[in-house]
file query06.pdb (PDB, C-alpha atoms, pLDDT in the B column)
ATOM      1  CA  MET A   1     -18.453   7.621   1.203  1.00 78.00           C
ATOM      2  CA  ARG A   2     -15.781   4.939   1.522  1.00 93.00           C
ATOM      3  CA  THR A   3     -14.165   4.744   4.957  1.00 97.00           C
ATOM      4  CA  PHE A   4     -10.751   3.422   5.898  1.00 98.00           C
ATOM      5  CA  LYS A   5      -9.317   1.991   9.086  1.00 98.00           C
ATOM      6  CA  ARG A   6      -5.905   2.823  10.464  1.00 98.00           C
ATOM      7  CA  TYR A   7      -4.127   0.092  12.419  1.00 98.00           C
ATOM      8  CA  SER A   8      -1.229   0.645  14.761  1.00 98.00           C
ATOM      9  CA  THR A   9       1.749  -1.433  13.695  1.00 98.00           C
ATOM     10  CA  ALA A  10       1.023  -4.021  16.399  1.00 98.00           C
ATOM     11  CA  GLU A  11      -2.654  -4.170  15.401  1.00 98.00           C
ATOM     12  CA  PHE A  12      -1.648  -4.652  11.771  1.00 98.00           C
ATOM     13  CA  VAL A  13       0.669  -7.542  12.643  1.00 98.00           C
ATOM     14  CA  ASP A  14      -2.166  -9.215  14.576  1.00 98.00           C
ATOM     15  CA  PHE A  15      -4.590  -8.567  11.709  1.00 98.00           C
ATOM     16  CA  ILE A  16      -2.401  -9.882   8.873  1.00 98.00           C
ATOM     17  CA  THR A  17      -1.495 -12.952  10.913  1.00 97.00           C
ATOM     18  CA  SER A  18      -5.103 -13.994  11.395  1.00 97.00           C
ATOM     19  CA  VAL A  19      -7.184 -12.608   8.510  1.00 98.00           C
ATOM     20  CA  PRO A  20      -8.506 -15.400   6.271  1.00 98.00           C
ATOM     21  CA  VAL A  21      -7.304 -15.105   2.672  1.00 98.00           C
ATOM     22  CA  LYS A  22      -8.279 -17.764   0.139  1.00 98.00           C
ATOM     23  CA  ARG A  23      -6.366 -16.525  -2.893  1.00 97.00           C
ATOM     24  CA  ARG A  24      -2.724 -17.420  -3.510  1.00 97.00           C
ATOM     25  CA  VAL A  25      -0.304 -14.639  -2.542  1.00 97.00           C
ATOM     26  CA  THR A  26       2.980 -14.758  -4.459  1.00 96.00           C
ATOM     27  CA  ASN A  27       4.383 -11.244  -4.167  1.00 94.00           C
ATOM     28  CA  VAL A  28       4.435  -8.033  -2.174  1.00 95.00           C
ATOM     29  CA  GLN A  29       4.477  -4.920  -4.333  1.00 93.00           C
ATOM     30  CA  ILE A  30       6.126  -1.824  -2.860  1.00 94.00           C
ATOM     31  CA  HIS A  31       5.090   1.615  -4.091  1.00 93.00           C
ATOM     32  CA  HIS A  32       5.228   5.180  -2.841  1.00 94.00           C
ATOM     33  CA  THR A  33       2.775   7.964  -3.477  1.00 93.00           C
ATOM     34  CA  VAL A  34       4.816  10.951  -4.732  1.00 89.00           C
ATOM     35  CA  ILE A  35       1.581  12.888  -4.083  1.00 93.00           C
ATOM     36  CA  PRO A  36       0.550  13.143  -1.339  1.00 95.00           C
ATOM     37  CA  THR A  37       3.986  13.811   0.047  1.00 96.00           C
ATOM     38  CA  LEU A  38       4.925  12.698   3.523  1.00 97.00           C
ATOM     39  CA  GLN A  39       4.844  16.335   4.610  1.00 96.00           C
ATOM     40  CA  GLN A  40       1.326  16.800   3.227  1.00 97.00           C
ATOM     41  CA  TYR A  41       0.200  13.781   5.227  1.00 98.00           C
ATOM     42  CA  LYS A  42       1.879  15.035   8.402  1.00 97.00           C
ATOM     43  CA  ASP A  43       0.295  18.472   7.976  1.00 98.00           C
ATOM     44  CA  ALA A  44      -3.224  17.134   7.304  1.00 98.00           C
ATOM     45  CA  ALA A  45      -5.712  17.545  10.128  1.00 98.00           C
ATOM     46  CA  ASP A  46      -7.824  14.712   8.697  1.00 98.00           C
ATOM     47  CA  LYS A  47      -5.453  11.861   7.825  1.00 98.00           C
ATOM     48  CA  GLU A  48      -8.256   9.655   6.496  1.00 98.00           C
ATOM     49  CA  ALA A  49      -9.087  12.405   3.971  1.00 97.00           C
ATOM     50  CA  ILE A  50      -5.637  11.801   2.433  1.00 97.00           C
ATOM     51  CA  ILE A  51      -6.469   8.112   1.964  1.00 98.00           C
ATOM     52  CA  ARG A  52      -9.930   8.927   0.605  1.00 98.00           C
ATOM     53  CA  GLY A  53      -8.267  11.279  -1.871  1.00 97.00           C
ATOM     54  CA  MET A  54      -6.190   8.396  -3.239  1.00 97.00           C
ATOM     55  CA  TRP A  55      -9.323   6.235  -3.372  1.00 97.00           C
ATOM     56  CA  ARG A  56     -11.202   8.940  -5.316  1.00 97.00           C
ATOM     57  CA  TYR A  57      -8.302   9.292  -7.749  1.00 95.00           C
ATOM     58  CA  HIS A  58      -8.146   5.521  -8.339  1.00 95.00           C
ATOM     59  CA  THR A  59     -11.906   5.019  -8.691  1.00 95.00           C
ATOM     60  CA  THR A  60     -12.813   8.237 -10.514  1.00 96.00           C
ATOM     61  CA  GLU A  61      -9.793   9.132 -12.640  1.00 94.00           C
ATOM     62  CA  ARG A  62      -8.265   5.694 -13.175  1.00 91.00           C
ATOM     63  CA  LYS A  63     -11.625   3.830 -13.182  1.00 92.00           C
ATOM     64  CA  PHE A  64     -10.427   1.110 -10.767  1.00 91.00           C
ATOM     65  CA  ARG A  65     -13.091  -0.737  -8.774  1.00 91.00           C
ATOM     66  CA  ASP A  66     -11.396   0.306  -5.528  1.00 95.00           C
ATOM     67  CA  ILE A  67      -8.187   1.865  -4.250  1.00 96.00           C
ATOM     68  CA  ALA A  68      -5.218   0.119  -5.909  1.00 93.00           C
ATOM     69  CA  GLN A  69      -3.335  -0.801  -2.761  1.00 96.00           C
ATOM     70  CA  HIS A  70      -4.249  -3.280  -0.084  1.00 97.00           C
ATOM     71  CA  PHE A  71      -2.456  -1.198   2.544  1.00 98.00           C
ATOM     72  CA  THR A  72      -1.109   2.323   2.847  1.00 98.00           C
ATOM     73  CA  ILE A  73       1.892   2.814   5.108  1.00 98.00           C
ATOM     74  CA  ALA A  74       1.936   6.074   7.058  1.00 98.00           C
ATOM     75  CA  PRO A  75       4.208   7.253   9.869  1.00 97.00           C
ATOM     76  CA  ASP A  76       1.366   6.670  12.340  1.00 98.00           C
ATOM     77  CA  GLY A  77       0.313   3.206  11.195  1.00 98.00           C
ATOM     78  CA  VAL A  78      -1.128   1.135   8.376  1.00 98.00           C
ATOM     79  CA  TRP A  79      -4.368   2.050   6.587  1.00 98.00           C
ATOM     80  CA  ASP A  80      -6.517  -0.681   5.095  1.00 98.00           C
ATOM     81  CA  GLY A  81      -7.515  -0.565   1.443  1.00 98.00           C
ATOM     82  CA  ARG A  82      -8.398  -3.030  -1.297  1.00 97.00           C
ATOM     83  CA  ASP A  83     -10.057  -6.327  -0.351  1.00 97.00           C
ATOM     84  CA  LEU A  84      -7.363  -8.949   0.272  1.00 97.00           C
ATOM     85  CA  GLU A  85      -9.256 -11.450  -1.879  1.00 97.00           C
ATOM     86  CA  TRP A  86      -8.597  -9.203  -4.896  1.00 96.00           C
ATOM     87  CA  ASP A  87      -5.279  -9.094  -6.689  1.00 91.00           C
ATOM     88  CA  SER A  88      -3.324  -5.888  -6.502  1.00 89.00           C
ATOM     89  CA  GLY A  89      -4.258  -2.856  -8.570  1.00 80.00           C
ATOM     90  CA  GLY A  90      -0.781  -1.356  -8.418  1.00 73.00           C
ATOM     91  CA  PHE A  91       0.714  -2.692 -11.643  1.00 72.00           C
ATOM     92  CA  MET A  92      -0.586  -3.512 -15.115  1.00 73.00           C
ATOM     93  CA  GLY A  93      -2.727  -6.567 -15.959  1.00 77.00           C
ATOM     94  CA  VAL A  94      -1.154  -9.913 -15.094  1.00 77.00           C
ATOM     95  CA  GLU A  95       1.648  -8.140 -13.193  1.00 80.00           C
ATOM     96  CA  ASN A  96      -0.931  -7.824 -10.385  1.00 82.00           C
ATOM     97  CA  ASP A  97      -1.624 -11.559 -10.108  1.00 91.00           C
ATOM     98  CA  GLY A  98      -0.959 -12.861  -6.605  1.00 94.00           C
ATOM     99  CA  GLY A  99       0.064  -9.441  -5.348  1.00 93.00           C
ATOM    100  CA  ILE A 100      -0.424  -7.611  -2.116  1.00 96.00           C
ATOM    101  CA  CYS A 101       0.180  -3.946  -2.829  1.00 94.00           C
ATOM    102  CA  ILE A 102       1.759  -1.655  -0.248  1.00 96.00           C
ATOM    103  CA  GLU A 103       1.704   2.098  -0.857  1.00 96.00           C
ATOM    104  CA  MET A 104       4.027   4.179   1.307  1.00 97.00           C
ATOM    105  CA  ILE A 105       3.030   7.799   1.735  1.00 98.00           C
ATOM    106  CA  GLY A 106       5.811  10.045   0.459  1.00 96.00           C
ATOM    107  CA  ASN A 107       7.930  10.935  -2.539  1.00 92.00           C
ATOM    108  CA  TYR A 108      10.969   8.665  -2.372  1.00 89.00           C
ATOM    109  CA  ASP A 109      12.152   9.209  -5.922  1.00 84.00           C
ATOM    110  CA  ILE A 110      15.737  10.464  -6.210  1.00 81.00           C
ATOM    111  CA  GLY A 111      15.852  13.976  -4.784  1.00 87.00           C
ATOM    112  CA  GLY A 112      12.544  13.495  -2.958  1.00 90.00           C
ATOM    113  CA  GLU A 113      11.790  13.027   0.702  1.00 94.00           C
ATOM    114  CA  LYS A 114      13.932  10.980   3.053  1.00 94.00           C
ATOM    115  CA  PHE A 115      12.707   7.450   3.791  1.00 94.00           C
ATOM    116  CA  ALA A 116      13.280   7.341   7.532  1.00 96.00           C
ATOM    117  CA  TYR A 117      11.812   6.642  10.967  1.00 96.00           C
ATOM    118  CA  PRO A 118       8.946   6.450  11.846  1.00 97.00           C
ATOM    119  CA  LEU A 119       7.532   5.562   8.395  1.00 97.00           C
ATOM    120  CA  ALA A 120      10.453   3.238   7.630  1.00 97.00           C
ATOM    121  CA  GLU A 121       9.865   1.251  10.814  1.00 98.00           C
ATOM    122  CA  VAL A 122       6.152   0.864  10.080  1.00 98.00           C
ATOM    123  CA  ALA A 123       6.980  -0.259   6.530  1.00 98.00           C
ATOM    124  CA  TYR A 124       9.617  -2.778   7.598  1.00 98.00           C
ATOM    125  CA  ARG A 125       7.394  -4.301  10.282  1.00 98.00           C
ATOM    126  CA  ALA A 126       4.334  -4.466   8.013  1.00 98.00           C
ATOM    127  CA  VAL A 127       6.220  -6.112   5.143  1.00 98.00           C
ATOM    128  CA  ALA A 128       7.917  -8.523   7.569  1.00 98.00           C
ATOM    129  CA  ALA A 129       4.502  -9.562   8.920  1.00 98.00           C
ATOM    130  CA  ILE A 130       3.195 -10.154   5.393  1.00 98.00           C
ATOM    131  CA  LEU A 131       6.263 -12.229   4.526  1.00 98.00           C
ATOM    132  CA  ASP A 132       5.895 -14.194   7.767  1.00 98.00           C
ATOM    133  CA  ARG A 133       2.365 -15.040   6.651  1.00 98.00           C
ATOM    134  CA  TRP A 134       3.366 -15.813   3.032  1.00 98.00           C
ATOM    135  CA  PRO A 135       7.063 -16.811   3.265  1.00 98.00           C
ATOM    136  CA  ASP A 136       7.319 -17.825  -0.400  1.00 97.00           C
ATOM    137  CA  ALA A 137       6.207 -14.398  -1.651  1.00 97.00           C
ATOM    138  CA  ASP A 138       8.830 -12.234  -3.279  1.00 94.00           C
ATOM    139  CA  ILE A 139       9.185  -8.470  -3.003  1.00 94.00           C
ATOM    140  CA  ARG A 140       8.624  -6.418  -6.145  1.00 90.00           C
ATOM    141  CA  PHE A 141       9.364  -2.737  -6.330  1.00 87.00           C
ATOM    142  CA  HIS A 142       7.414  -0.595  -8.755  1.00 75.00           C
ATOM    143  CA  ARG A 143      10.581   0.124 -10.739  1.00 75.00           C
ATOM    144  CA  ASP A 144      11.105  -3.624 -11.291  1.00 76.00           C
ATOM    145  CA  GLN A 145       7.837  -4.260 -13.139  1.00 69.00           C
ATOM    146  CA  PRO A 146       7.948  -4.394 -16.940  1.00 69.00           C
ATOM    147  CA  SER A 147       5.299  -1.681 -17.195  1.00 63.00           C
ATOM    148  CA  ALA A 148       7.410   0.700 -15.092  1.00 60.00           C
ATOM    149  CA  ARG A 149      10.942   0.107 -16.392  1.00 62.00           C
ATOM    150  CA  GLY A 150      12.575   3.331 -17.432  1.00 60.00           C
ATOM    151  CA  LYS A 151       9.792   5.347 -15.809  1.00 56.00           C
ATOM    152  CA  LYS A 152      10.534   4.914 -12.131  1.00 58.00           C
TER     153      LYS A 152
END
call {"tool": "encode", "arguments": {"input": "query06.pdb", "output": "C-alpha cells"}}
result
Amino acid sequence: MRTFKRYSTAEFVDFITSVPVKRRVTNVQIHHTVIPTLQQYKDAADKEAIIRGMWRYHTTERKFRDIAQHFTIAPDGVWDGRDLEWDSGGFMGVENDGGICIEMIGNYDIGGEKFAYPLAEVAYRAVAAILDRWPDADIRFHRDQPSARGKK
C-alpha cells in the first residue's frame, strides 16, 4: 500500500528549498479536489486514508502511474505525492510539461466551500516557497488550461 507523508508548513518550506530536482520547472498548477470536500477531510479520523483514496482513484480509475499531484494542501499541512522528477499529472498531455501540481482539498467551485484560513495560509505559503525556488515559474489554474476551458 502506498504511503504518504504530511509536512507541517515550515517542514514543507525547508523540504522544497533543499530537495534536489533535475527537471526544469516552468509552472505551478493549482487545483482543488471537489471530492473529498474540506469538511470530509476535517471529519476523517485517518487523514492519510483521504490521500490514499485520491491515489487509488488516479491509479485505478484513471490509470495514472501515480497520484496526479506532487503535493496536496490540507488545513493541517502539505502531503507529498508524485515524484518531483515527473511532470505533473493534473492536466492533459503536454499541458503537464514542467509542472508542479498542487491539489487543495475542498470544493472551491462557485457555491462550494469557502477558501479560508487555515487551508488558505498553508496554500499561500507552500506556493510562495515553490516560487521562491523556481522564480521564473508561472501559476496556472485548472480553469486556465485549454483542456479545462468551459468546464471549470
call {"tool": "residues_around", "arguments": {"input": "query06.pdb", "residues": "Asp132 in chain A", "least_positions_apart": "6", "cutoff": "10 Å", "atoms": "only C-alpha atoms", "output": "list in words"}}
result
Val13, Ile16, Thr17 and Ala126 of chain A
call {"tool": "resolve_selection", "arguments": {"input": "query06.pdb", "expression": "the PyMOL selection byres ((chain A and resi 12) around 10)", "output": "MDAnalysis selection string"}}
result
chainID A and resid 6:11 13:18 71 77:80 122 125:126 129:130
call {"tool": "atom_distance", "arguments": {"input": "query06.pdb", "atom1": "CA of Ala44 in chain A", "atom2": "CA of Arg56 in chain A"}}
result
17.0 Å
call {"tool": "resolve_selection", "arguments": {"input": "query06.pdb", "expression": "the PyMOL selection byres ((chain A and resi 24-33) around 7)", "output": "PyMOL selection string"}}
result
chain A and resi 22-23+34-37+98-108+134+136-142
call {"tool": "atom_distance", "arguments": {"input": "query06.pdb", "atom1": "CA of Arg62 in chain A", "atom2": "CA of Asp83 in chain A"}}
result
17.7 Å
call {"tool": "resolve_selection", "arguments": {"input": "query06.pdb", "expression": "the PyMOL selection byres ((chain A and resi 66) around 10)", "output": "count of residues only"}}
result
21
call {"tool": "atom_distance", "arguments": {"input": "query06.pdb", "atom1": "CA of Phe91 in chain A", "atom2": "CA of Asp43 in chain A"}}
result
28.9 Å
call {"tool": "closest_residue", "arguments": {"input": "query06.pdb", "among": "A:Val21, A:Ala123, A:Ala49, A:Leu131", "to": "Thr72 in chain A", "atoms": "only C-alpha atoms"}}
result
A:Ala123
call {"tool": "axis_aligned_box", "arguments": {"input": "query06.pdb", "around": "range 107-118 of chain A", "padding_each_side": "3 Å", "output": "lines of an AutoDock Vina configuration file"}}
result
center_x = 11.9
center_y = 10.2
center_z = 2.8
size_x = 13.9
size_y = 13.5
size_z = 24.1
